[in-house]
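The structure appears right after this line, and notes come after that.
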Amino acid sequence: MSSVRVRFAPSPTGELHVGGARTALFNWLFARKHKGVFILRFEDTDIERNRPELIEPIIESLRWLGLLWDEGPYFQSQRFSLYREWAERLLNEGKAYKCYCTPEELEQKRQRALAAKQKPLYDRRCRALSPQDEEKFMREGRQPALRLKIPESGTIIVNDAIRGQVEFDLAELDDFIILRSDGRPTYNFAVVVDDITMGITHVIRADEHLNNTPKQMLIYQAFGHPVPVFAHVPMVLAKDRSKLSKRHGATAVFEFRDRGILPEALVNYLARLGWSYGDQEIFSREELIEKFSLEAIHPSAAIFDEEKLLWVNQHHLKTSDPKRLGELVRPFLVKLGILSEAEAHAVPSEKLVQMVVLFRERARTLAELAEPARYLFTDNFSHDPEAVQKFLTPEKIPLLEGLAGALAAVEPFTATEIERATRAYLDSQGKTLKEIAQPCRVALTGRTTGAGLFETMELIGRERVIARLRRASLAQQPQASL
RNA sequence: GUCCCCAUCGACUAGCGGUCUAGGUCACGGCCCUUUCAAGGCCGAAACGGGGGUUCGAAUCCCCCUGGGGACGCCA
């Protein structure tokens, strides 16, 4: 069995978005599954649109997702001489020819064809240029581009692992340019030269390239090289079924990272988007590798659903190591303006672990998980006026103050002991927990929702609990804050 | 305009000719649990785009239509 070699080949014209990330993921999974090689290659032949500053973020996104490559990154911009060499080979063998038409002339014809509702195809006028014509063009100082000489009729069949056989009529294609007049290769040519020289066995890429495939196959044919296996994965669409773009909100991998999505959750969700394994929804990285197959990729485009991502994220939040989550939450303490850099750094990791364990079931993101820190680790939080209005009623205040007294003596100040003392105090007052739980919660946290009351108290700590209970009445006043 | 791809609940999907009164998951609604919110459990509403064939039998195979998407550059 020849070993599998696949590649992810982004062009640095934008951030890595979820669609690209999924393509990378499928390549990576396929490589891991077959103990093959995953190659990273930047397709940066377009000097004008290229943004070198985007290369690092793309790399960083892949690293964050855990999609590590085995080879590369390669840069097409550093391989221009190679493409030129390969193109000249084709020229010498008569499989390519020089075209002296100027971009302006071609663009004009193209527009005319489009206006006449015709398919714009090159008219092959330079295919049989006389030596005199050629000399004339050269005297004019025109630099020729190189075009591939393709058969004028017949069909070409793409054998796709996901879509089966797709037939293209060669009459739909033209002698396309492989080398620009300035000596740079065009996309289709560079891709094929790279895929051949890098020994790529499986080309797993987005659906939008299916139409390029016959062209690329013609280049393979010109070089007398067997074609790899093609697998065109469906697109990821936005809610309105259009191509995912900035106006649809979060699309970049980084945006999800910054909102507190776990990389394994994004990977899990992206894998399930267009791919499935029976009824299973939650997968670890290892399970994905084990169970992934190209054949199980659903052929139709899929809509990116943030709600489900959040659900998957919550699932991973619930099962991930609390220690790790604690450290992942730490930066959010600063980002959410809860603590200063120094304060966040000073929070003992045990405290963070306790918070994580206590709140992970009700958090869908790391950001949500960090939120309770506001009242757990600082006094800098506000009371929800509605909650105060509803629960911190005058008749509850003495009860809370009494409870504060009862808690002063609790030793150690743990959830179990706090509960014992609280219940004892309530018994003595002939009250039930239900009567005081919410008022107590509002006094302590400023809100009506949260984790178990006694665990929360333990985490807040004796001093603060007592102080907040004693000052519960102050929260009554408008704008009051403890 | 031409070419290509796609088509099951609102969303992701299972289904690969009979086991489908179409299953699971998210979201939605209800109930239970409960100190709140979650989580969890139970229940519910919700789909084979339309029309022709093929077949004893079609969500599954074929054709047409419709709808959606993509491509048609000296962009990638």
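Chain labels follow the order of the structure tokens: the first chain is A, the next B, and so on; residue numbering restarts at 1 in every chain, and ligands are counted from 1 in their shown order.
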- Task: If you run DSSP over the backbone, which residues in segment 9-110 of chain A end up helix (DSSP H, G or I)? Put them as a ChimeraX atom specification.
- Result: /A:18-33,52-65,76-78,80-92,103-110
- Within 6 Å of chain A, which residues of chain B show up when using only C-alpha atoms (C1' of nucleotides), listed as an NGL selection string? :B and (1-2 or 6 or 24 or 26 or 35-39 or 70-71 or 74)
- With a distance cut-off of 10 Å and only C-alpha atoms (C1' of nucleotides), select the neighbouring residues of Leu339 of chain A, excluding the residue or stretch itself and same-chain residues fewer than 3 positions from it, and output the selection as a PyMOL selection string. chain A and resi 330-336+342-347+373-374+377-378+380
- Message: Report as a list in words all protein, DNA and RNA residues lying within 10 Å of A47 of chain B, evaluated on only C-alpha atoms (C1' of nucleotides), omitting residues in the same chain fewer than 3 positions from it.
- Response: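 In the requested form, the answer reads U8, C9 and A22 of chain B.
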- Item | Using only C-alpha atoms: which of A:Arg139, A:Arg63, A:Lys149, A:His34 has the shortest distance to Tyr97 of chain A |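 Selected residue with least distance to Tyr97 of chain A: A:Lys149.
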- How many Å separate atom CA of Ile460 of chain A from atom CA of Leu358 of chain A?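 Distance between the two atoms: 12.3 Å.
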- Query: What's the 8 Å shell around Arg462 of chain A, counting only C-alpha atoms (C1' of nucleotides), without same-chain residues fewer than 3 positions away, as a PyMOL selection string?
  - Reply: chain A and resi 407-408+413+457-458+465-466
- Item | Residues within 12 Å of G49 of chain B, only C-alpha atoms (C1' of nucleotides), excluding chain neighbours under 5 positions, as an NGL selection string | :B and (7-8 or 65-68)
Selection from above, N, CA, C and O atoms (P, O5', C5', C4', C3', O3' and C1' of nucleotides), as a PDB file, in the first residue's frame, can you write it?
ATOM      1  P     A B   7     -27.947  15.228  -2.709  1.00  0.00           P
ATOM      2  O5'   A B   7     -29.177  16.172  -2.314  1.00  0.00           O
ATOM      3  C5'   A B   7     -29.099  16.952  -1.087  1.00  0.00           C
ATOM      4  C4'   A B   7     -30.436  17.655  -0.873  1.00  0.00           C
ATOM      5  C3'   A B   7     -31.594  16.653  -0.840  1.00  0.00           C
ATOM      6  O3'   A B   7     -32.327  16.527   0.351  1.00  0.00           O
ATOM      7  C1'   A B   7     -31.858  18.264  -2.643  1.00  0.00           C
ATOM      8  P     U B   8     -32.211  17.411   1.631  1.00  0.00           P
ATOM      9  O5'   U B   8     -33.368  16.719   2.481  1.00  0.00           O
ATOM     10  C5'   U B   8     -34.587  16.376   1.818  1.00  0.00           C
ATOM     11  C4'   U B   8     -35.431  15.599   2.775  1.00  0.00           C
ATOM     12  C3'   U B   8     -35.426  16.138   4.187  1.00  0.00           C
ATOM     13  O3'   U B   8     -36.383  17.184   4.319  1.00  0.00           O
ATOM     14  C1'   U B   8     -35.027  13.819   4.254  1.00  0.00           C
ATOM     15  P     C B  65     -35.350  20.069 -17.408  1.00  0.00           P
ATOM     16  O5'   C B  65     -36.477  20.588 -16.407  1.00  0.00           O
ATOM     17  C5'   C B  65     -37.716  21.084 -16.910  1.00  0.00           C
ATOM     18  C4'   C B  65     -38.662  21.371 -15.761  1.00  0.00           C
ATOM     19  C3'   C B  65     -38.128  22.355 -14.732  1.00  0.00           C
ATOM     20  O3'   C B  65     -38.342  23.692 -15.125  1.00  0.00           O
ATOM     21  C1'   C B  65     -39.056  20.475 -13.624  1.00  0.00           C
ATOM     22  P     U B  66     -37.375  24.856 -14.608  1.00  0.00           P
ATOM     23  O5'   U B  66     -37.692  24.883 -13.045  1.00  0.00           O
ATOM     24  C5'   U B  66     -38.955  25.354 -12.581  1.00  0.00           C
ATOM     25  C4'   U B  66     -39.056  25.160 -11.087  1.00  0.00           C
ATOM     26  C3'   U B  66     -37.924  25.796 -10.295  1.00  0.00           C
ATOM     27  O3'   U B  66     -38.151  27.172 -10.068  1.00  0.00           O
ATOM     28  C1'   U B  66     -38.253  23.576  -9.542  1.00  0.00           C
ATOM     29  P     G B  67     -36.914  28.170  -9.984  1.00  0.00           P
ATOM     30  O5'   G B  67     -36.304  27.795  -8.570  1.00  0.00           O
ATOM     31  C5'   G B  67     -37.062  28.011  -7.380  1.00  0.00           C
ATOM     32  C4'   G B  67     -36.383  27.357  -6.205  1.00  0.00           C
ATOM     33  C3'   G B  67     -34.924  27.753  -6.021  1.00  0.00           C
ATOM     34  O3'   G B  67     -34.783  28.986  -5.356  1.00  0.00           O
ATOM     35  C1'   G B  67     -35.115  25.411  -5.857  1.00  0.00           C
ATOM     36  P     G B  68     -33.530  29.907  -5.682  1.00  0.00           P
ATOM     37  O5'   G B  68     -32.357  29.133  -4.927  1.00  0.00           O
ATOM     38  C5'   G B  68     -32.321  29.147  -3.505  1.00  0.00           C
ATOM     39  C4'   G B  68     -31.228  28.236  -3.011  1.00  0.00           C
ATOM     40  C3'   G B  68     -29.830  28.559  -3.503  1.00  0.00           C
ATOM     41  O3'   G B  68     -29.237  29.630  -2.776  1.00  0.00           O
ATOM     42  C1'   G B  68     -30.193  26.254  -3.716  1.00  0.00           C
TER      43        G B  68
END
- Task: Extract the full set of strand (DSSP E or B) residues from segment 252-338 of chain A according to DSSP on the backbone, and format it as a ChimeraX atom specification.
- Result: /A:252,275,297,302-303
Would you save the residues from that selection as a tab-separated table (two decimals), in the first residue's frame, using N, CA and C atoms?
chain	number	residue	atom	x	y	z
A	252	ALA	N	-14.35	33.28	11.46
A	252	ALA	CA	-12.93	32.94	11.60
A	252	ALA	C	-12.70	32.06	12.82
A	275	TRP	N	-20.33	15.26	7.79
A	275	TRP	CA	-19.83	13.90	7.95
A	275	TRP	C	-20.53	13.29	9.14
A	297	ILE	N	-18.69	11.21	3.93
A	297	ILE	CA	-18.95	12.65	3.83
A	297	ILE	C	-20.22	12.85	3.00
A	302	ALA	N	-23.60	22.30	3.81
A	302	ALA	CA	-24.15	22.31	5.16
A	302	ALA	C	-24.14	23.72	5.74
A	303	ILE	N	-25.16	24.00	6.52
A	303	ILE	CA	-25.25	25.31	7.16
A	303	ILE	C	-24.59	25.28	8.53
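The space separating atom CA of Thr155 of chain A from atom CA of Phe230 of chain A comes to 17.5 Å.
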- Message: Between atom CA of Leu54 of chain A and atom CA of Phe26 of chain A, what is the distance in Å, rounded to a tenth?
- Response: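 Separating atom CA of Leu54 of chain A from atom CA of Phe26 of chain A is a distance of 22.1 Å.
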